[in-house]
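Student: Quick one: structure below, then a few questions.
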Amino acid sequence: MPSFKIDLSTAVVFVATAPEPKMANKKTGERAIDRDTGAGLSTVGLLVSDEGEGNLYQVTVPETGYPEGLAPGMPVKVVGLKARDWENTFNGEKRHGISFRAVAITAAA
């Protein structure tokens, strides 16, 4: 499925939840891995505020793409944020949503 770039040039972004390892299989504990780089993937909660509206996004980012000590409340910049819609069937029930992926998250200056 295609992905779409998200422009955050006018947004203010804060860490809402610290990075946590993203699991490919929760039952086995297998960690999700970036197919291109082999780096482990993590999920970071980000609060994005722009044009008077705030939203919370769960963003997947390679563990090599964010600094140590990323903590709730920190202002950050997001590099290469993209959104992708998804759909699957689980136990005969269709599910769908939007996933978010970033190349990197850096501390704001």
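Identifiers in the structure tokens: chain A, B, ... in order shown; residue index from 1 per chain; ligand index from 1 in order shown.
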Within 10 Å of Val44 in chain A, counting only C-alpha atoms, which residues qualify if same-chain residues fewer than 6 places away don't, as a PyMOL selection string?

Tutor: chain A and resi 15-22+57-61+66+70-72+101-102+105

Student: Keeping only all heavy atoms, write the selected residues as a compact mmCIF listing (two decimals), in the first residue's frame.

Tutor:
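For reference, again.txt as written:
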```txt
# COMPACT_ATOMS: atom_id res chain seq x y z
N VAL A 15 7.17 14.32 23.12
CA VAL A 15 7.10 12.89 23.43
C VAL A 15 5.97 12.70 24.44
O VAL A 15 5.92 13.37 25.47
CB VAL A 15 8.43 12.37 24.01
CG1 VAL A 15 8.30 10.92 24.43
CG2 VAL A 15 9.55 12.54 23.00
N ALA A 16 5.06 11.80 24.14
CA ALA A 16 3.97 11.46 25.06
C ALA A 16 4.31 10.19 25.84
O ALA A 16 4.04 10.11 27.05
CB ALA A 16 2.66 11.27 24.30
N THR A 17 4.88 9.20 25.17
CA THR A 17 5.30 7.97 25.83
C THR A 17 6.69 7.58 25.33
O THR A 17 6.99 7.73 24.14
CB THR A 17 4.33 6.80 25.58
OG1 THR A 17 4.23 6.56 24.18
CG2 THR A 17 2.95 7.10 26.15
N ALA A 18 7.52 7.11 26.24
CA ALA A 18 8.89 6.72 25.90
C ALA A 18 8.90 5.54 24.92
O ALA A 18 7.93 4.79 24.83
CB ALA A 18 9.63 6.33 27.18
N PRO A 19 10.00 5.40 24.17
CA PRO A 19 10.10 4.29 23.21
C PRO A 19 9.97 2.93 23.89
O PRO A 19 10.52 2.71 24.97
CB PRO A 19 11.51 4.44 22.63
CG PRO A 19 11.90 5.84 22.91
CD PRO A 19 11.19 6.24 24.16
N GLU A 20 9.23 2.05 23.24
CA GLU A 20 9.10 0.66 23.68
C GLU A 20 9.35 -0.25 22.49
O GLU A 20 8.96 0.08 21.37
CB GLU A 20 7.70 0.39 24.22
CG GLU A 20 7.37 1.14 25.48
CD GLU A 20 6.01 0.77 26.04
OE1 GLU A 20 5.38 -0.17 25.51
OE2 GLU A 20 5.58 1.42 26.99
N PRO A 21 9.99 -1.39 22.69
CA PRO A 21 10.23 -2.30 21.58
C PRO A 21 8.91 -2.71 20.91
O PRO A 21 7.93 -3.00 21.59
CB PRO A 21 10.90 -3.51 22.23
CG PRO A 21 11.47 -2.99 23.50
CD PRO A 21 10.55 -1.90 23.95
N LYS A 22 8.91 -2.71 19.60
CA LYS A 22 7.74 -3.15 18.84
C LYS A 22 7.88 -4.66 18.62
O LYS A 22 8.93 -5.13 18.21
CB LYS A 22 7.65 -2.41 17.51
CG LYS A 22 6.44 -2.80 16.71
CD LYS A 22 6.28 -1.93 15.49
CE LYS A 22 5.02 -2.37 14.75
NZ LYS A 22 4.51 -1.31 13.90
N TYR A 57 -0.11 10.29 18.32
CA TYR A 57 0.23 9.28 17.32
C TYR A 57 1.21 8.28 17.91
O TYR A 57 2.15 8.67 18.60
CB TYR A 57 0.88 9.92 16.08
CG TYR A 57 -0.01 10.88 15.35
CD1 TYR A 57 0.27 12.24 15.34
CD2 TYR A 57 -1.13 10.43 14.66
CE1 TYR A 57 -0.54 13.13 14.66
CE2 TYR A 57 -1.95 11.32 13.98
CZ TYR A 57 -1.65 12.66 13.98
OH TYR A 57 -2.46 13.54 13.32
N GLN A 58 1.01 7.01 17.62
CA GLN A 58 1.98 5.98 17.94
C GLN A 58 2.84 5.80 16.70
O GLN A 58 2.34 5.38 15.66
CB GLN A 58 1.28 4.66 18.31
CG GLN A 58 0.47 4.75 19.58
CD GLN A 58 1.33 5.03 20.80
OE1 GLN A 58 2.45 4.53 20.94
NE2 GLN A 58 0.82 5.86 21.68
N VAL A 59 4.11 6.16 16.80
CA VAL A 59 5.00 6.19 15.64
C VAL A 59 6.07 5.12 15.77
O VAL A 59 6.73 5.01 16.81
CB VAL A 59 5.65 7.59 15.50
CG1 VAL A 59 6.61 7.63 14.32
CG2 VAL A 59 4.57 8.67 15.38
N THR A 60 6.24 4.34 14.71
CA THR A 60 7.29 3.33 14.67
C THR A 60 8.56 3.99 14.15
O THR A 60 8.53 4.72 13.15
CB THR A 60 6.89 2.17 13.75
OG1 THR A 60 5.71 1.56 14.29
CG2 THR A 60 7.98 1.13 13.65
N VAL A 61 9.67 3.72 14.82
CA VAL A 61 10.96 4.29 14.43
C VAL A 61 12.06 3.27 14.74
O VAL A 61 11.97 2.53 15.72
CB VAL A 61 11.21 5.64 15.17
CG1 VAL A 61 11.26 5.45 16.66
CG2 VAL A 61 12.42 6.35 14.66
N TYR A 66 16.66 7.32 17.26
CA TYR A 66 16.29 8.24 18.33
C TYR A 66 17.36 8.20 19.43
O TYR A 66 18.03 7.20 19.62
CB TYR A 66 14.90 7.94 18.91
CG TYR A 66 14.73 6.56 19.49
CD1 TYR A 66 15.05 6.30 20.80
CD2 TYR A 66 14.23 5.53 18.71
CE1 TYR A 66 14.88 5.02 21.34
CE2 TYR A 66 14.05 4.26 19.23
CZ TYR A 66 14.38 4.02 20.55
OH TYR A 66 14.22 2.77 21.06
N LEU A 70 15.08 9.58 25.61
CA LEU A 70 13.86 10.19 25.09
C LEU A 70 12.76 9.94 26.11
O LEU A 70 12.46 8.79 26.43
CB LEU A 70 13.52 9.55 23.75
CG LEU A 70 12.72 10.35 22.74
CD1 LEU A 70 13.43 11.64 22.37
CD2 LEU A 70 12.48 9.54 21.50
N ALA A 71 12.17 11.02 26.65
CA ALA A 71 11.22 10.86 27.76
C ALA A 71 10.00 11.74 27.55
O ALA A 71 10.05 12.74 26.84
CB ALA A 71 11.90 11.23 29.06
N PRO A 72 8.87 11.37 28.17
CA PRO A 72 7.65 12.16 28.06
C PRO A 72 7.89 13.63 28.42
O PRO A 72 8.60 13.94 29.36
CB PRO A 72 6.70 11.49 29.04
CG PRO A 72 7.15 10.07 29.07
CD PRO A 72 8.66 10.15 28.97
N ARG A 101 5.15 5.94 10.57
CA ARG A 101 6.55 5.51 10.59
C ARG A 101 7.43 6.72 10.36
O ARG A 101 7.14 7.55 9.53
CB ARG A 101 6.76 4.46 9.49
CG ARG A 101 8.17 3.99 9.30
CD ARG A 101 8.44 2.78 10.17
NE ARG A 101 9.81 2.34 10.01
CZ ARG A 101 10.16 1.20 9.46
NH1 ARG A 101 9.25 0.37 9.03
NH2 ARG A 101 11.43 0.87 9.37
N ALA A 102 8.52 6.84 11.13
CA ALA A 102 9.46 7.92 10.98
C ALA A 102 10.87 7.36 10.79
O ALA A 102 11.18 6.27 11.26
CB ALA A 102 9.45 8.83 12.19
N ILE A 105 13.74 10.50 15.23
CA ILE A 105 13.19 11.50 16.15
C ILE A 105 14.39 12.10 16.86
O ILE A 105 15.22 11.37 17.42
CB ILE A 105 12.24 10.85 17.17
CG1 ILE A 105 11.03 10.23 16.45
CG2 ILE A 105 11.79 11.87 18.21
CD1 ILE A 105 10.13 9.42 17.35
```

Student: Determine the nearest neighbour of Thr43 in chain A from the options A:Asn55, A:Ser3, A:Ala11, A:Gly65, counting only C-alpha atoms.

Tutor: A:Gly65

Student: Which residue gives the smallest distance to Arg35 in chain A among A:Pro62, A:Glu87, A:Val79, A:Lys94, with only C-alpha atoms counted?

Tutor: A:Pro62

Student: Find, counting only C-alpha atoms, the residue in A:Glu93, A:Glu68, A:Asp50, A:Glu63 that gets nearest to Val12 in chain A.

Tutor: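 Closest candidate: A:Asp50.
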
Student: Using DSSP assignments from the backbone, pull out every residue in chain A that falls under strand (DSSP E or B) and give it to me as a ChimeraX atom specification.

Tutor: /A:3-5,12-21,23-25,30-31,33,40-50,53-62,75-79,82-90,93-101,104-107

Student: Please, what distance in Å, to one decimal, runs between CA of Gly40 in chain A and CA of Thr10 in chain A?

Tutor: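 Computed distance, CA of Gly40 in chain A to CA of Thr10 in chain A, equals 29.8 Å.
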
Student: Between CA of Gly38 in chain A and CA of Lys77 in chain A, measure the distance and give it in Å to one decimal.

Tutor: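 Going from CA of Gly38 in chain A over to CA of Lys77 in chain A, I get 23.5 Å.
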